[in-house]
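Notes follow the structure.
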Amino acid sequence: MTQKIFPADKNALNEVLEFIESELEKINCPAKKIMSISVAIEEIFVNIACYSYGQNKGYVRVGFGFDSNTNIATFQISDKGIPFNPLKQSDPDITLSAEERQIGGLGIFIAKKTMDNISYAYKNDENILTMQKIINQL
């Protein structure tokens with residue numbers, strides 16, 4: 001797995017997306033799939049940047065791996081911020097209008113709908129979110 005470390009800061013989002021999109025292009029991932037994966041990565045990264053460390057500074061480790069035998073891309077996003085399992089949050093009621101809906105939860109909902117598999121672990125004082133997507137290459 002190729003990994004890079006980024007500051008847990010929304011200003012680092014473009015660098016994160018450039019890293020992921022570059023890795024996906026190397027495996028000939030279709031552009032439409034790159035866009036949907038980028039949205040999911042963006043949602044997760046921004047949530048970590050905004051909430052994981054409170055007022056403190058921290059970092060986010062973003063990893064990418066690809067198994068050419070199964071065509072599965074794996075994305076791992078980890079931080080040492082406040083322990084938080086986003087998968088335990090209930091999905092937002094998307095039948096309600098934006099004004100009626102409670103704030104929050106839409107980002108992880110988008111990631112869950114975009115990815116084929118998502119898991120969470122808390123190990124060695126680190127939140128680890130692993131997401132997988134089957135890639136139909138060009």
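Quick note on naming: the chains in the structure tokens go A, B, ... in the order shown, residues restart at 1 in each chain, and ligands are numbered from 1 in order of appearance.
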
Exercise for review: Would you list, as a VMD selection string, the residues of region 6-137 of chain A that end up in alpha helix (DSSP H) under DSSP run on this structure's backbone?
Suggested key: chain A and resid 13 to 26 31 to 47 106 to 114

**Study point:** Within 7 Å of Val60 (chain A) using only C-alpha atoms, minus same-chain residues under 2 positions, as number ranges by chain
**Key:** A: 5-8, 62, 77-79

Point to revise | Close residues, region 45-51 of chain A itself excluded, 12 Å, only C-alpha atoms, min 3 positions apart in chain, as a ChimeraX atom specification | key: /A:5-17,20,38-42,54-62,75-86,104-108,111,127-129

Study note, to complete from the structure: Using only C-alpha atoms, the shortest atom-to-atom distance to Asn69 (chain A) among A:Ile135, A:Cys29, A:Met1, A:Ile34 belongs to A:Ile135

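You can rank A:Ser68, A:Thr130, A:Ser119, A:Gln3 by their closest distance to Lys26 (chain A) using only C-alpha atoms, and at the top of that list sits A:Ser68.
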
**Study point:** Selection near Thr74 (chain A), 9 Å with only C-alpha atoms, sequence-local residues under 5 positions removed, as a VMD selection string
**Key:** chain A and resid 1 63 to 67 130 to 134

Mind dumping the selected residues with N, CA and C atoms as a PDB file, in the first residue's frame?
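In the end it all went to result_0.pdb:
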ATOM      1  N   MET A   1       0.849  -1.188   0.000  1.00  0.00           N
ATOM      2  CA  MET A   1       0.000   0.000   0.000  1.00  0.00           C
ATOM      3  C   MET A   1       0.887   1.241   0.000  1.00  0.00           C
ATOM      4  N   GLY A  63      -3.828   5.974   2.519  1.00  0.00           N
ATOM      5  CA  GLY A  63      -3.167   4.887   1.818  1.00  0.00           C
ATOM      6  C   GLY A  63      -3.994   4.393   0.641  1.00  0.00           C
ATOM      7  N   PHE A  64      -3.288   3.886  -0.367  1.00  0.00           N
ATOM      8  CA  PHE A  64      -3.939   3.331  -1.549  1.00  0.00           C
ATOM      9  C   PHE A  64      -3.244   2.041  -1.937  1.00  0.00           C
ATOM     10  N   GLY A  65      -4.054   1.031  -2.212  1.00  0.00           N
ATOM     11  CA  GLY A  65      -3.523  -0.228  -2.703  1.00  0.00           C
ATOM     12  C   GLY A  65      -4.455  -0.792  -3.757  1.00  0.00           C
ATOM     13  N   PHE A  66      -3.898  -1.604  -4.650  1.00  0.00           N
ATOM     14  CA  PHE A  66      -4.725  -2.203  -5.702  1.00  0.00           C
ATOM     15  C   PHE A  66      -4.318  -3.644  -5.910  1.00  0.00           C
ATOM     16  N   ASP A  67      -5.297  -4.533  -5.884  1.00  0.00           N
ATOM     17  CA  ASP A  67      -5.075  -5.950  -6.150  1.00  0.00           C
ATOM     18  C   ASP A  67      -5.556  -6.229  -7.570  1.00  0.00           C
ATOM     19  N   THR A 130     -11.191   1.854   6.426  1.00  0.00           N
ATOM     20  CA  THR A 130     -10.754   1.176   5.212  1.00  0.00           C
ATOM     21  C   THR A 130     -11.947   1.067   4.271  1.00  0.00           C
ATOM     22  N   MET A 131     -11.748   1.515   3.042  1.00  0.00           N
ATOM     23  CA  MET A 131     -12.809   1.477   2.040  1.00  0.00           C
ATOM     24  C   MET A 131     -12.287   0.736   0.819  1.00  0.00           C
ATOM     25  N   GLN A 132     -13.164  -0.049   0.196  1.00  0.00           N
ATOM     26  CA  GLN A 132     -12.775  -0.783  -0.984  1.00  0.00           C
ATOM     27  C   GLN A 132     -13.770  -0.545  -2.115  1.00  0.00           C
ATOM     28  N   LYS A 133     -13.233  -0.553  -3.329  1.00  0.00           N
ATOM     29  CA  LYS A 133     -14.041  -0.349  -4.526  1.00  0.00           C
ATOM     30  C   LYS A 133     -13.533  -1.259  -5.632  1.00  0.00           C
ATOM     31  N   ILE A 134     -14.452  -1.980  -6.269  1.00  0.00           N
ATOM     32  CA  ILE A 134     -14.084  -2.783  -7.428  1.00  0.00           C
ATOM     33  C   ILE A 134     -13.907  -1.847  -8.608  1.00  0.00           C
TER      34      ILE A 134
END
